[in-house]
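**Q** If you scroll down you'll find the structure; I have some questions about it.
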Amino acid sequence: MSADVITSGRTALGIELGSTRIKACLVDADDPTEVLAVGSHAWENRFEGRTWTYALDDVWNGVRSAYADLVADAQRRHGVALETVGAIGVSAMMHGYLAFDGEGELLTPFRTWRNTTTGPAAEALSTAFDQNIPLRWSVAHLFQAVLDGEPHVPEIRHLTTLAGYVHEQLTGRRVVGVGDASGMFPIDPATRDYDLGLIETFDGMVAEAAPGLRIAALLPRVLKAGEPAGTLTGAGAARLDPTGRLRPGIPFCPPEGDAGTGMVATNAVAPRTGNVSAGTSIFAMVVLEGALAAAHHEIDIVTTPVGDPVAMVHCNNGASELAEWAGMFGDFTERAGSPLSSDEVFEVLFRAAEQGDPDAGGLIAFNQLSGEPIVGLEEGRPLFVRTPESRFTLPNAIRAQLYGMFATLALGMRVLSDEGVAIDRMFAHGGVFRTAGVAQRFLAAAIGTPIAVGDTAGEGGPWGMAVLAAHLLHADGSTLSDYLDRHVFADAKTVTVDPQPDDVAGFTRFLGRYEAALAVERAAVAAL
């Protein structure tokens, strides 16, 4: 049966370029909960010239590798050679800066979301636009390049996101999904397109330093989920599958950011719903019923894949430091002659954390590998701090690492709580939630909200992108929310964990110490 679905092309393919892995996910287009094949490729950003970046050659090597891995998985599991799919969607890390000249040549190395060098531009834009413009947004990078007089600025002919770039190379269409677009330039909630008034404001701000620059001419066209976004060209098919087996002509849905695919993967696209995505970064998305009373530097206003406004609490640093600790313990098990797999190491450590003191025994962990705008850090230095009175045990050490991963997120979510934003349900997904109940329990304590985790918690963004591709084939007038409710999550199994009073009180004490110790983190950045 599955083999017939694949050979007849009744499938949807999602490809997502995450921070540490490029993943591909093939689903049954009529039942997207049925994952037919997966593929992945590991990669890492580079810190070159004090810039976090990825080379475009690495982008394509990784995309081809992940697709080839998926093709091999389909062959192993179903005995069929993949030659076509029903629809494709591409997603990737949001924001950042990809600027091209008229010949399509990249003018400066890709500046990812992780860079925090756009402070003056973000501050000026936030004031002029009367809303928070984060450091990582494309418009902040562009304006900073103008302020710095970078020589490439007069040569810019178009800007895009990583997902938009890959999509254009595969389809020839210079478009981007509205959720991804909302990390490039503010979106007007009425038109669900770039805010024309703010475009005029921006052009005025750069008129003297960059005469002739018109940002509207540089930005990709905005599309909403369910709208066609081109088809796979012959050149695109060859680029994705050099074997020549993949046939061109496959329709594409709009490319999206990883925040949007996380919302889809957790069915959090309707007002009063939200989700937390945990990976290299960690962020919360809460779909709003109306505008916030004021602008806050901790809160970004972005959109769902159909253009509804969303409050985003984005933290640059997520699970990377925790993964380093797990890697160290994994190395220990090998040296001790009793090696454990990565999943087994995480299981042991997370179960130990459950037995830790509610406040992590007075231990403090900072997970900042890079800057963290929410707490005013331009750079980061991972730190583990204790006092002579702290209870330094393995359960407390790992609980402190988990608490530290959620600390800046909790500070941002506190702003939304103070604004009176109502949340009916909050879902979580990402690899840290694969160990049942542990990270979920601590997240519930950190933000004071019940947290639901579903069957797809470990699938994440590439599956969400495959669902958006399947939605393109079934966009029969129903909203994305209706489609998810009826066709994807109708029979979904979720486990919800409520905040436990002892954990809440313990995390509150931890967070108080964490805020006080930020002076130590800042000193480390200055000294090291």
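To be explicit about the labels: the chains of the structure tokens are called A, B, and onward in the order shown, and within each one the residues are counted from 1, while ligands get numbers from 1 in the order they are shown.
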Write out as a PyMOL selection string each polymer residue whose atoms come within 9 Å of Ala422 (chain A), counting only C-alpha atoms; drop sequence neighbours fewer than 2 positions from it.
**A** chain A and resi 272-273+288-289+416-417+420+424
**Q** Got a sec: who's within 9 Å of region 190-200 of chain A, counting only C-alpha atoms, leaving out chain neighbours fewer than 4 positions off, as a list in words?
**A**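 Once the nearby chain positions are removed, what remains is Ala128, Phe129, Val178, Ala181, Ser182, Phe185, Pro186, Gly204, Met205, Arg214, Ile215, Ala216, Arg221, Val222, Leu223, Lys224, Thr303, Val306, Gly307 and Asp308 of chain A.
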**Q** One decimal, in Å: what's the spacing between CA of Pro309 (chain A) and CA of Arg414 (chain A)?
**A**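 About the pair CA of Pro309 (chain A) and CA of Arg414 (chain A): they are 18.9 Å apart.
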**Q** Return as an MDAnalysis selection string the full set of residues in region 240-484 of chain A whose backbone-based DSSP assignment is strand (DSSP E or B).
**A** chainID A and resid 251:252 256:257 273:278 282:287 300:303 309:315 364:366 372 377 383:385 425:429 451:454
**Q** Extract, using only C-alpha atoms, all DNA, RNA and protein residues at most 12 Å from Glu103 (chain A), discarding same-chain residues fewer than 4 positions from it, and format them as a VMD selection string.
**A** chain A and resid 99 107 155 to 158
**Q** Would you save the residues from that selection as a short mmCIF file (atom, residue, chain, number, x, y, z; two decimals), in the first residue's frame, using N, CA and C atoms?
**A**
```
data_model
loop_
_atom_site.label_atom_id
_atom_site.label_comp_id
_atom_site.auth_asym_id
_atom_site.auth_seq_id
_atom_site.Cartn_x
_atom_site.Cartn_y
_atom_site.Cartn_z
N ALA A 99 22.03 38.70 0.62
CA ALA A 99 21.92 39.80 -0.34
C ALA A 99 22.62 39.40 -1.64
N LEU A 107 26.58 38.68 -2.25
CA LEU A 107 27.45 39.83 -2.08
C LEU A 107 28.28 39.81 -0.81
N GLU A 155 25.14 47.50 -4.79
CA GLU A 155 25.03 46.39 -5.74
C GLU A 155 23.84 45.47 -5.46
N ILE A 156 23.15 45.65 -4.32
CA ILE A 156 22.06 44.73 -3.95
C ILE A 156 20.91 44.87 -4.93
N ARG A 157 20.44 43.73 -5.42
CA ARG A 157 19.26 43.71 -6.30
C ARG A 157 18.12 42.88 -5.70
N HIS A 158 18.45 41.97 -4.78
CA HIS A 158 17.36 41.30 -4.05
C HIS A 158 17.88 40.68 -2.77
#
```
**Q** Which is closer to Gly437 (chain A) than all the others in A:Glu48, A:Asp418, A:Glu321, A:Glu354, using only C-alpha atoms?
**A**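 Residue with the minimum atom-to-atom distance to Gly437 (chain A): A:Glu354.
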**Q** Wanna dump the region 458-489 of chain A-region 225-246 of chain A contacts at 12 Å for me, each residue with its shortest atom pair and the distance in Å to one decimal, counting only C-alpha atoms, ordered by chain and number, as JSON lines?
**A**
```
{"residue": "A:Met465", "atom": "CA", "partner": "A:Ala225", "partner_atom": "CA", "distance": 10.5}
{"residue": "A:Val467", "atom": "CA", "partner": "A:Ala225", "partner_atom": "CA", "distance": 10.6}
{"residue": "A:Leu468", "atom": "CA", "partner": "A:Ala225", "partner_atom": "CA", "distance": 6.9}
{"residue": "A:Ala469", "atom": "CA", "partner": "A:Gly226", "partner_atom": "CA", "distance": 8.2}
{"residue": "A:Ala470", "atom": "CA", "partner": "A:Gly226", "partner_atom": "CA", "distance": 9.1}
{"residue": "A:His471", "atom": "CA", "partner": "A:Gly226", "partner_atom": "CA", "distance": 6.1}
{"residue": "A:Leu472", "atom": "CA", "partner": "A:Gly226", "partner_atom": "CA", "distance": 4.6}
{"residue": "A:Leu473", "atom": "CA", "partner": "A:Gly226", "partner_atom": "CA", "distance": 8.0}
{"residue": "A:His474", "atom": "CA", "partner": "A:Gly226", "partner_atom": "CA", "distance": 8.1}
{"residue": "A:Ala475", "atom": "CA", "partner": "A:Gly226", "partner_atom": "CA", "distance": 5.5}
{"residue": "A:Asp476", "atom": "CA", "partner": "A:Gly226", "partner_atom": "CA", "distance": 8.9}
{"residue": "A:Gly477", "atom": "CA", "partner": "A:Gly226", "partner_atom": "CA", "distance": 9.1}
{"residue": "A:Ser478", "atom": "CA", "partner": "A:Gly226", "partner_atom": "CA", "distance": 9.6}
{"residue": "A:Thr479", "atom": "CA", "partner": "A:Gly226", "partner_atom": "CA", "distance": 8.8}
{"residue": "A:Leu480", "atom": "CA", "partner": "A:Ala225", "partner_atom": "CA", "distance": 7.3}
{"residue": "A:Ser481", "atom": "CA", "partner": "A:Ala225", "partner_atom": "CA", "distance": 10.8}
{"residue": "A:Tyr483", "atom": "CA", "partner": "A:Gly226", "partner_atom": "CA", "distance": 10.5}
```
**Q** Would you write out those residues with N, CA and C atoms, as a compact mmCIF listing (two decimals), in the first residue's frame?
**A**
```txt
# COMPACT_ATOMS: atom_id res chain seq x y z
N MET A 465 6.67 21.05 7.54
CA MET A 465 6.77 21.54 6.17
C MET A 465 6.10 20.58 5.20
N VAL A 467 3.57 18.77 5.92
CA VAL A 467 2.12 19.00 6.11
C VAL A 467 1.68 20.22 5.31
N LEU A 468 2.49 21.29 5.29
CA LEU A 468 2.14 22.46 4.49
C LEU A 468 2.11 22.12 3.00
N ALA A 469 3.02 21.24 2.56
CA ALA A 469 2.99 20.81 1.17
C ALA A 469 1.73 20.00 0.88
N ALA A 470 1.34 19.12 1.82
CA ALA A 470 0.10 18.35 1.64
C ALA A 470 -1.11 19.27 1.63
N HIS A 471 -1.08 20.31 2.46
CA HIS A 471 -2.18 21.28 2.49
C HIS A 471 -2.37 21.94 1.13
N LEU A 472 -1.27 22.19 0.40
CA LEU A 472 -1.38 22.77 -0.94
C LEU A 472 -2.26 21.90 -1.84
N LEU A 473 -2.15 20.59 -1.68
CA LEU A 473 -2.92 19.66 -2.52
C LEU A 473 -4.37 19.55 -2.06
N HIS A 474 -4.66 20.03 -0.85
CA HIS A 474 -6.01 19.90 -0.31
C HIS A 474 -6.59 21.25 0.09
N ALA A 475 -6.04 22.33 -0.47
CA ALA A 475 -6.53 23.67 -0.13
C ALA A 475 -7.84 23.91 -0.86
N ASP A 476 -8.92 23.40 -0.28
CA ASP A 476 -10.24 23.43 -0.91
C ASP A 476 -11.12 24.54 -0.35
N GLY A 477 -10.51 25.59 0.13
CA GLY A 477 -11.30 26.67 0.71
C GLY A 477 -11.31 26.67 2.22
N SER A 478 -10.93 25.55 2.85
CA SER A 478 -10.87 25.50 4.30
C SER A 478 -9.62 26.22 4.77
N THR A 479 -9.67 26.75 5.97
CA THR A 479 -8.51 27.44 6.51
C THR A 479 -7.44 26.42 6.90
N LEU A 480 -6.22 26.91 7.07
CA LEU A 480 -5.14 26.03 7.52
C LEU A 480 -5.49 25.41 8.85
N SER A 481 -6.07 26.20 9.75
CA SER A 481 -6.46 25.68 11.07
C SER A 481 -7.47 24.55 10.94
N TYR A 483 -7.92 22.64 8.30
CA TYR A 483 -7.25 21.50 7.67
C TYR A 483 -6.48 20.70 8.71
```
**Q** Calculated over only C-alpha atoms, which of the candidates A:Ala410, A:Leu349, A:Met312, A:Met184 has the smallest distance to Met328 (chain A)?
**A** A:Leu349
**Q** Tell me which of A:Met426, A:Asp101, A:Asn115, A:Glu44 sits closest to Asn267 (chain A), counting only C-alpha atoms.
**A**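 Ranked by minimum distance to Asn267 (chain A), first place goes to A:Met426.
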**Q** Give me the residues within 10 Å of His487 (chain A) as a VMD selection string, counting only C-alpha atoms and dropping any in the same chain fewer than 2 places off.
**A** chain A and resid 30 to 33 467 471 474 482 to 485 489 to 491
**Q** Please list as a list in words every residue within 8 Å of Thr11 (chain A), counting only C-alpha atoms and excluding residues in the same chain fewer than 6 positions away.
**A**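 Here the qualifying residues turn out to be Val5, Leu26, Val27, Asp28, Ala29, Asp30, Val85, Gly86, Ala87 and Ala470 of chain A.
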**Q** Limited to C-alpha atoms, could you put the picked residues into a file as a PDB file, in the first residue's frame?
**A**
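Resulting contents of part-v8.pdb:
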```pdb
ATOM      1  CA  VAL A   5       1.362   5.739  -2.582  1.00  0.00           C
ATOM      2  CA  LEU A  26       8.063  12.243   3.072  1.00  0.00           C
ATOM      3  CA  VAL A  27       4.430  11.750   4.094  1.00  0.00           C
ATOM      4  CA  ASP A  28       1.246  10.332   2.602  1.00  0.00           C
ATOM      5  CA  ALA A  29      -0.459  13.432   1.204  1.00  0.00           C
ATOM      6  CA  ASP A  30      -3.905  12.071   2.116  1.00  0.00           C
ATOM      7  CA  VAL A  85       6.152  13.402  -5.211  1.00  0.00           C
ATOM      8  CA  GLY A  86       2.826  15.198  -5.072  1.00  0.00           C
ATOM      9  CA  ALA A  87       4.131  18.469  -3.626  1.00  0.00           C
ATOM     10  CA  ALA A 470       0.105  18.349   1.642  1.00  0.00           C
TER      11      ALA A 470
END
```
**Q** Write out as a VMD selection string all residues of region 342-414 of chain A that backbone DSSP assigns to alpha helix (DSSP H).
**A** chain A and resid 342 to 354 394 to 414
**Q** Of the residues A:Val276, A:Phe507, A:Val302, A:Ala319, which is the one nearest to Met413 (chain A), using only C-alpha atoms?
**A**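 Ranked by minimum distance to Met413 (chain A), first place goes to A:Val276.
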**Q** Point out the residue among A:Pro255, A:Gly318, A:Gly356, A:Gly49 with the least atom-to-atom distance to Leu409 (chain A), counting only C-alpha atoms.
**A** A:Gly318
**Q** If you measure from CA of Pro358 (chain A) to CA of Ala439 (chain A), what distance in Å do you get, rounded to one decimal?
**A** 13.6 Å
**Q** Return the single residue from A:Gly330, A:Gly430, A:Pro373, A:Gly96 that is closest to His296 (chain A), with distances computed using only C-alpha atoms.
**A**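 Counting only C-alpha atoms, the residue closest to His296 (chain A) is A:Pro373.
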**Q** For region 258-261 of chain A, please output as a ChimeraX atom specification all residues within 7 Å (counting only C-alpha atoms; exclusion window: fewer than 2 positions along the same chain).
**A** /A:91-94,179,256,263-265,304-305,461,464-465
**Q** As JSON, numbers by chain, please: the residues near region 65-82 of chain A (cut-off 7 Å, only C-alpha atoms, same-chain neighbours under 2 positions excluded).
**A** {"A": [2, 3, 6, 7, 22, 23, 24, 36, 37, 38, 39, 40, 41, 61, 62, 63, 84]}
**Q** Report as a Markdown table the residues of region 271-369 of chain A within 9 Å of region 389-394 of chain A, each with its shortest atom pair and distance in Å (one decimal), using only C-alpha atoms, ordered by chain and increasing residue number.
**A**
```
| residue | atom | partner | partner_atom | distance |
| --- | --- | --- | --- | --- |
| A:Leu349 | CA | A:Leu394 | CA | 8.0 |
| A:Ala352 | CA | A:Leu394 | CA | 7.0 |
| A:Ala353 | CA | A:Leu394 | CA | 7.5 |
| A:Gly356 | CA | A:Thr393 | CA | 8.0 |
| A:Asp357 | CA | A:Arg391 | CA | 8.6 |
| A:Ala360 | CA | A:Arg391 | CA | 7.9 |
| A:Gly361 | CA | A:Arg391 | CA | 4.8 |
| A:Gly362 | CA | A:Ser390 | CA | 4.8 |
| A:Leu363 | CA | A:Ser390 | CA | 6.0 |
```
**Q** What does the distance from CA of Arg522 (chain A) to CA of Gly380 (chain A) come to in Å, to one decimal?
**A**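 Spanning CA of Arg522 (chain A) to CA of Gly380 (chain A) is a straight-line distance of 8.2 Å.
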